[in-house]
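Okay, target21.cif is below, mmCIF, C-alpha atoms:
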data_coords
loop_
_atom_site.label_atom_id
_atom_site.label_comp_id
_atom_site.auth_asym_id
_atom_site.auth_seq_id
_atom_site.Cartn_x
_atom_site.Cartn_y
_atom_site.Cartn_z
CA MET A 1 74.29 -26.16 41.18
CA LYS A 2 74.04 -29.64 42.64
CA ALA A 3 76.39 -32.27 41.40
CA GLY A 4 74.97 -34.27 38.56
CA SER A 5 72.30 -31.72 37.72
CA LEU A 6 72.14 -30.19 34.30
CA PRO A 7 70.86 -26.70 33.32
CA ARG A 8 67.36 -26.74 31.85
CA PRO A 9 67.49 -26.06 28.11
CA ALA A 10 66.23 -22.66 26.99
CA ALA A 11 63.79 -24.38 24.62
CA ALA A 12 62.11 -26.07 27.57
CA GLN A 13 61.61 -22.69 29.29
CA VAL A 14 60.03 -21.31 26.12
CA GLY A 15 57.81 -24.37 25.97
CA ARG A 16 56.49 -23.60 29.46
CA ARG A 17 55.47 -20.11 28.31
CA ARG A 18 53.67 -21.29 25.21
CA PRO A 19 50.60 -22.69 27.00
CA ARG A 20 50.12 -19.37 28.78
CA LEU A 21 50.28 -17.46 25.50
CA PHE A 22 47.96 -19.99 23.90
CA TYR A 23 45.30 -19.70 26.60
CA LEU A 24 45.62 -15.91 26.67
CA SER A 25 45.09 -15.80 22.89
CA LEU A 26 42.17 -18.20 23.21
CA ALA A 27 40.55 -16.09 25.92
CA THR A 28 40.99 -12.92 23.83
CA ALA A 29 39.44 -14.61 20.79
CA ALA A 30 36.52 -15.84 22.89
CA LEU A 31 35.95 -12.33 24.25
CA LEU A 32 35.96 -10.83 20.76
CA LEU A 33 33.61 -13.54 19.53
CA GLY A 34 31.26 -12.89 22.42
CA LEU A 35 31.21 -9.17 21.68
CA GLY A 36 30.47 -9.90 18.03
CA ILE A 37 27.58 -12.22 18.90
CA TRP A 38 26.22 -9.59 21.31
CA GLN A 39 26.31 -6.95 18.57
CA LEU A 40 24.65 -9.26 16.08
CA GLY A 41 22.06 -10.18 18.67
CA GLY A 42 21.18 -6.51 19.16
CA ALA A 43 20.80 -5.99 15.43
CA ALA A 44 18.67 -9.12 15.16
CA THR A 45 16.42 -7.86 17.94
CA ILE A 46 15.86 -4.56 16.13
CA HIS A 47 14.95 -6.28 12.88
CA ALA A 48 12.74 -8.83 14.62
CA LYS A 49 10.86 -6.07 16.43
CA ALA A 50 10.38 -4.14 13.19
CA TRP A 51 9.09 -7.27 11.43
CA LEU A 52 6.73 -8.31 14.23
CA ALA A 53 5.39 -4.77 14.63
CA GLN A 54 4.33 -4.67 10.98
CA ILE A 55 2.24 -7.81 11.50
CA LEU A 56 0.39 -6.20 14.41
CA LEU A 57 0.09 -2.93 12.50
CA GLU A 58 -1.39 -4.78 9.51
CA ARG A 59 -4.14 -6.12 11.76
CA ALA A 60 -4.81 -2.67 13.22
CA TRP A 61 -4.98 -1.21 9.69
CA SER A 62 -7.47 -3.90 8.66
CA ARG A 63 -9.64 -2.89 11.62
CA THR A 64 -9.32 0.76 10.59
CA LEU A 65 -10.55 0.00 7.07
CA ALA A 66 -13.29 -2.32 8.33
CA GLN A 67 -14.90 0.38 10.43
CA GLN A 68 -15.40 2.65 7.44
CA THR A 69 -18.96 3.03 6.19
CA GLY A 70 -19.42 4.92 2.98
CA GLY A 71 -16.21 6.93 3.52
CA ALA A 72 -17.17 8.04 7.04
CA GLU A 73 -14.53 9.43 9.37
CA VAL A 74 -12.58 6.98 11.51
CA SER A 75 -14.56 6.59 14.70
CA ALA A 76 -11.67 5.36 16.82
CA GLN A 77 -7.91 5.12 16.50
CA GLN A 78 -6.99 1.45 16.14
CA ARG A 79 -3.95 0.98 18.34
CA PRO A 80 -1.78 -2.02 17.36
CA TRP A 81 -1.28 -3.07 21.00
CA PRO A 82 -3.04 -1.87 24.17
CA TRP A 83 -0.21 0.33 25.48
CA ALA A 84 0.75 1.85 22.12
CA ASP A 85 0.95 5.66 21.99
CA THR A 86 0.55 5.66 18.20
CA PHE A 87 -1.81 4.22 15.59
CA PRO A 88 -1.79 3.39 11.85
CA ALA A 89 -2.15 6.49 9.67
CA ALA A 90 -1.69 5.09 6.14
CA ARG A 91 -0.42 2.23 4.02
CA LEU A 92 2.72 2.77 1.91
CA GLN A 93 3.44 0.69 -1.20
CA VAL A 94 6.22 0.72 -3.78
CA PRO A 95 5.16 -1.92 -6.33
CA ASP A 96 8.51 -2.07 -8.16
CA LEU A 97 10.34 -3.00 -4.95
CA ALA A 98 7.59 -5.15 -3.38
CA ILE A 99 7.38 -2.70 -0.46
CA ASP A 100 4.19 -2.81 1.60
CA GLN A 101 4.31 -1.07 4.99
CA ILE A 102 1.92 0.47 7.51
CA VAL A 103 2.71 4.09 8.37
CA LEU A 104 2.33 5.21 11.99
CA SER A 105 1.20 8.54 13.36
CA GLY A 106 3.89 10.77 14.87
CA ALA A 107 7.57 10.43 13.89
CA SER A 108 9.05 10.06 17.39
CA GLY A 109 12.07 7.89 18.14
CA ARG A 110 9.87 5.38 19.94
CA THR A 111 7.42 5.16 17.03
CA LEU A 112 10.12 4.77 14.37
CA ALA A 113 11.31 1.57 16.04
CA PHE A 114 8.12 -0.10 14.82
CA GLY A 115 7.61 1.37 11.36
CA PRO A 116 7.77 4.44 9.12
CA ALA A 117 5.91 7.40 10.57
CA HIS A 118 4.13 10.56 9.51
CA LEU A 119 5.75 13.84 10.57
CA ASP A 120 3.36 16.00 12.60
CA GLY A 121 2.63 19.38 11.07
CA THR A 122 2.67 18.12 7.48
CA ALA A 123 -0.32 17.07 5.38
CA ALA A 124 -1.96 13.77 6.26
CA PRO A 125 -0.59 10.88 4.16
CA GLY A 126 -2.40 10.76 0.83
CA ALA A 127 -4.22 14.05 1.39
CA ALA A 128 -3.84 17.34 -0.46
CA GLY A 129 -0.66 19.17 0.53
CA HIS A 130 2.87 18.09 1.31
CA SER A 131 3.19 14.97 3.46
CA VAL A 132 6.51 13.93 5.03
CA LEU A 133 7.22 10.36 6.15
CA SER A 134 10.30 9.27 8.07
CA GLY A 135 11.85 5.86 8.67
CA HIS A 136 15.06 4.18 9.85
CA ARG A 137 17.79 3.64 7.23
CA ASP A 138 18.59 0.12 8.47
CA THR A 139 15.04 -1.26 8.64
CA HIS A 140 11.87 0.09 7.02
CA PHE A 141 13.37 2.84 4.84
CA ARG A 142 16.44 0.93 3.70
CA PHE A 143 14.75 0.67 0.30
CA LEU A 144 15.03 4.42 -0.28
CA GLU A 145 18.50 4.02 -1.80
CA GLN A 146 16.91 1.87 -4.53
CA LEU A 147 14.20 4.36 -5.51
CA ALA A 148 14.72 6.12 -8.82
CA ALA A 149 12.96 8.89 -10.69
CA GLY A 150 9.83 7.70 -12.43
CA GLN A 151 9.00 4.91 -9.98
CA ALA A 152 5.53 4.77 -8.47
CA ILE A 153 4.59 5.18 -4.79
CA ARG A 154 1.09 4.59 -3.44
CA LEU A 155 -0.49 5.72 -0.17
CA GLN A 156 -3.76 4.35 1.13
CA ARG A 157 -5.80 6.63 3.38
CA PRO A 158 -7.87 5.45 6.37
CA ASP A 159 -11.03 5.69 4.24
CA GLY A 160 -9.60 3.06 1.89
CA THR A 161 -8.86 5.34 -1.07
CA TRP A 162 -5.44 5.53 -2.71
CA GLN A 163 -3.21 8.42 -3.76
CA SER A 164 -0.56 7.72 -6.40
CA TYR A 165 2.78 9.53 -6.61
CA GLU A 166 5.76 9.47 -8.93
CA VAL A 167 9.35 9.83 -7.73
CA THR A 168 10.91 13.00 -9.14
CA ASP A 169 14.20 13.46 -7.30
CA SER A 170 16.42 12.39 -4.40
CA ARG A 171 19.22 14.15 -2.56
CA VAL A 172 21.34 14.30 0.58
CA ILE A 173 20.94 17.32 2.87
CA ASP A 174 22.44 18.53 6.14
CA ALA A 175 19.61 18.67 8.68
CA ARG A 176 21.40 21.46 10.55
CA GLU A 177 21.12 23.83 7.62
CA ALA A 178 18.45 22.72 5.13
CA ARG A 179 14.78 23.57 5.46
CA LEU A 180 11.98 21.80 3.64
CA ARG A 181 9.37 23.98 1.95
CA LEU A 182 5.88 22.53 2.20
CA GLY A 183 4.79 23.97 -1.17
CA ASP A 184 1.22 24.59 -2.27
CA GLY A 185 -1.89 22.48 -1.76
CA SER A 186 -1.14 19.90 -4.47
CA PRO A 187 -0.45 16.36 -3.23
CA ALA A 188 3.30 15.89 -2.69
CA LEU A 189 5.33 13.38 -0.70
CA THR A 190 8.81 13.35 0.82
CA LEU A 191 10.40 10.23 2.34
CA VAL A 192 13.25 10.88 4.80
CA THR A 193 15.89 8.69 6.41
CA CYS A 194 19.36 9.06 7.92
CA TYR A 195 22.44 8.97 5.70
CA PRO A 196 24.73 7.27 4.84
CA PHE A 197 22.90 3.96 4.75
CA ASP A 198 25.93 2.00 5.95
CA ALA A 199 26.96 4.42 8.71
CA VAL A 200 28.47 2.67 11.74
CA THR A 201 27.34 5.37 14.18
CA PRO A 202 23.67 6.42 13.91
CA GLY A 203 22.29 9.89 14.46
CA GLY A 204 24.50 12.02 12.22
CA PRO A 205 23.30 15.28 10.64
CA LEU A 206 22.89 14.00 7.07
CA ARG A 207 19.51 13.00 5.70
CA TYR A 208 18.54 11.22 2.48
CA LEU A 209 15.36 12.56 0.93
CA VAL A 210 13.20 11.13 -1.85
CA PHE A 211 10.73 13.55 -3.44
CA ALA A 212 7.53 12.46 -5.16
CA GLU A 213 4.58 14.33 -6.62
CA GLU A 214 1.06 13.43 -7.56
CA ALA A 215 1.16 11.07 -10.53
CA GLY A 216 0.49 12.93 -13.74
CA SER A 217 0.95 16.40 -12.22
CA THR A 218 3.58 19.01 -13.00
CA LEU A 219 4.25 20.03 -9.42
CA ALA A 220 7.81 21.29 -8.88
CA THR A 221 9.95 19.21 -6.55
CA ALA A 222 9.86 20.50 -2.98
CA ARG A 223 13.16 21.82 -1.67
#
Taking this structure as input, can you express it in the form of structure tokens?
Amino acid sequence: MKAGSLPRPAAAQVGRRRPRLFYLSLATAALLLGLGIWQLGGAATIHAKAWLAQILLERAWSRTLAQQTGGAEVSAQQRPWPWADTFPAARLQVPDLAIDQIVLSGASGRTLAFGPAHLDGTAAPGAAGHSVLSGHRDTHFRFLEQLAAGQAIRLQRPDGTWQSYEVTDSRVIDAREARLRLGDGSPALTLVTCYPFDAVTPGGPLRYLVFAEEAGSTLATAR
């Protein structure tokens, strides 16, 4: 040690390290904030797409109803946008919950991003037989957890007529094991979404089902 020089206090050495720790903590916080904003941005995009799609689907459904003449068959499938590989199949309403949605044809993953959809192989929405509609738990079919026995559901067919249903039951099933019976020819409706509603990771095996039957009928709940 040179003459006249004094050892640097330990506190001063700690003080030199503090800025490094501060900036490291700041950088970590900024990274976490950025990841959070990115996640929220993705969720916002999904909801925005679902909302915008329903506007375009509403217009396509209006065109579908407008082309009807005395209950004639639909002459052309009214696609909501030129490149769409689906088209409106029905209108779904739940008056108690202010739900009003256009149902698409074909319950594929691509279709479900834009709205609830009709499952191929089941009765046409609003027609005689058992119709099954599917939707995402975090967008269009989030309302399923609020449905209770006795509440009314309405489906409008492409010819403009309405079929009324009454909720009879709801339950959680394991899609790997359960099978849905399509029942007889009486009008029946099942709404399906993933479960639980607040799941962090999508695509699990559980499904939440809401059963409804023709209003005023005594049809047993499909299982």
Discussion item. Let me make sure I understand: among A:Asp198, A:Asp100, A:Glu177, A:Glu145, which one has the smallest atom-to-atom distance to Trp51 of chain A if we use all atoms listed in the file?
Written reply: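 The answer is A:Asp100, which sits nearest to Trp51 of chain A.
Selection by the PyMOL selection byres ((chain A and resi 133-136) around 8) on the present file picks out Ala107, Leu112, Ala113, Gly115, Pro116, Ala117, His118, Leu119, Ser131, Val132, Arg137, Asp138, Thr139, His140, Phe141, Arg142, Leu189, Thr190, Leu191, Val192, Thr193 and Cys194 of chain A.
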Worksheet item: Which one of A:Ala123, A:Ala148, A:Leu57, A:Val210 sits closest to Ile173 of chain A if you count only C-alpha atoms?
Response: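 When distances to Ile173 of chain A are compared using only C-alpha atoms, the smallest one comes from A:Val210.
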Discussion item. Report, in Å with one decimal, the straight-line distance from atom CA of Ala90 of chain A to atom CA of Thr161 of chain A.
Written reply: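 Distance reported for this atom pair: 10.2 Å.
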Practice prompt. Within 8 Å of Gln77 of chain A, counting only C-alpha atoms, which residues show up once you throw out same-chain ones fewer than 4 positions away? Write them as a ChimeraX atom specification, please.
Written response: /A:64,87-88
What do you get, as a tab-separated table (two decimals) with C-alpha atoms, in the frame of the given file, if you spell out every residue that the PyMOL selection byres ((chain A and resi 101) around 6) selects here?
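Contents of the output file out.tsv:
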chain	number	residue	atom	x	y	z
A	91	ARG	CA	-0.42	2.23	4.02
A	92	LEU	CA	2.72	2.77	1.91
A	100	ASP	CA	4.19	-2.81	1.60
A	102	ILE	CA	1.92	0.47	7.51
Fill in: Residue with smallest distance to Ala124 of chain A - pool A:Ala66, A:Glu166, A:Gly106, A:Gln93, counting all atoms listed in the file
A:Gly106
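If only C-alpha atoms are the atoms counted, then among A:Gln163, A:Thr111, A:Gln68, A:Thr168 the closest residue to Gln54 of chain A is A:Thr111.
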Worksheet item: Between atom CA of Leu56 of chain A and atom CA of Leu97 of chain A, what is the distance, to one decimal in Å?
Response: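 If I compute the distance from atom CA of Leu56 of chain A to atom CA of Leu97 of chain A, I get 22.0 Å.
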Item to complete: Give me, please, the distance in Å between atom CA of Leu144 of chain A and atom CA of Ser186 of chain A, quoted to one decimal.
Response: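 It comes out at 22.8 Å.
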Expand the PyMOL selection byres ((chain A and resi 151) around 12) into the explicit residue set it covers here, and present it as a PDB file with C-alpha atoms, in the coordinates of the input.
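Wrote out.pdb, looks like this:
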ATOM      1  CA  GLN A  93       3.440   0.690  -1.200  1.00  0.00           C
ATOM      2  CA  VAL A  94       6.220   0.720  -3.780  1.00  0.00           C
ATOM      3  CA  PRO A  95       5.160  -1.920  -6.330  1.00  0.00           C
ATOM      4  CA  ASP A  96       8.510  -2.070  -8.160  1.00  0.00           C
ATOM      5  CA  LEU A  97      10.340  -3.000  -4.950  1.00  0.00           C
ATOM      6  CA  LEU A 144      15.030   4.420  -0.280  1.00  0.00           C
ATOM      7  CA  GLN A 146      16.910   1.870  -4.530  1.00  0.00           C
ATOM      8  CA  LEU A 147      14.200   4.360  -5.510  1.00  0.00           C
ATOM      9  CA  ALA A 148      14.720   6.120  -8.820  1.00  0.00           C
ATOM     10  CA  ALA A 149      12.960   8.890 -10.690  1.00  0.00           C
ATOM     11  CA  GLY A 150       9.830   7.700 -12.430  1.00  0.00           C
ATOM     12  CA  ALA A 152       5.530   4.770  -8.470  1.00  0.00           C
ATOM     13  CA  ILE A 153       4.590   5.180  -4.790  1.00  0.00           C
ATOM     14  CA  ARG A 154       1.090   4.590  -3.440  1.00  0.00           C
ATOM     15  CA  SER A 164      -0.560   7.720  -6.400  1.00  0.00           C
ATOM     16  CA  TYR A 165       2.780   9.530  -6.610  1.00  0.00           C
ATOM     17  CA  GLU A 166       5.760   9.470  -8.930  1.00  0.00           C
ATOM     18  CA  VAL A 167       9.350   9.830  -7.730  1.00  0.00           C
ATOM     19  CA  THR A 168      10.910  13.000  -9.140  1.00  0.00           C
ATOM     20  CA  ASP A 169      14.200  13.460  -7.300  1.00  0.00           C
ATOM     21  CA  SER A 170      16.420  12.390  -4.400  1.00  0.00           C
ATOM     22  CA  VAL A 210      13.200  11.130  -1.850  1.00  0.00           C
ATOM     23  CA  PHE A 211      10.730  13.550  -3.440  1.00  0.00           C
ATOM     24  CA  ALA A 212       7.530  12.460  -5.160  1.00  0.00           C
ATOM     25  CA  GLU A 213       4.580  14.330  -6.620  1.00  0.00           C
ATOM     26  CA  GLU A 214       1.060  13.430  -7.560  1.00  0.00           C
ATOM     27  CA  ALA A 215       1.160  11.070 -10.530  1.00  0.00           C
TER      28      ALA A 215
END
Discussion item. My list of candidates is A:Gly121, A:Asp174, A:Gly126, A:Phe197. Which is closest to Pro158 of chain A when distances are computed with only C-alpha atoms?
Written reply: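 The closest residue to Pro158 of chain A is A:Gly126.
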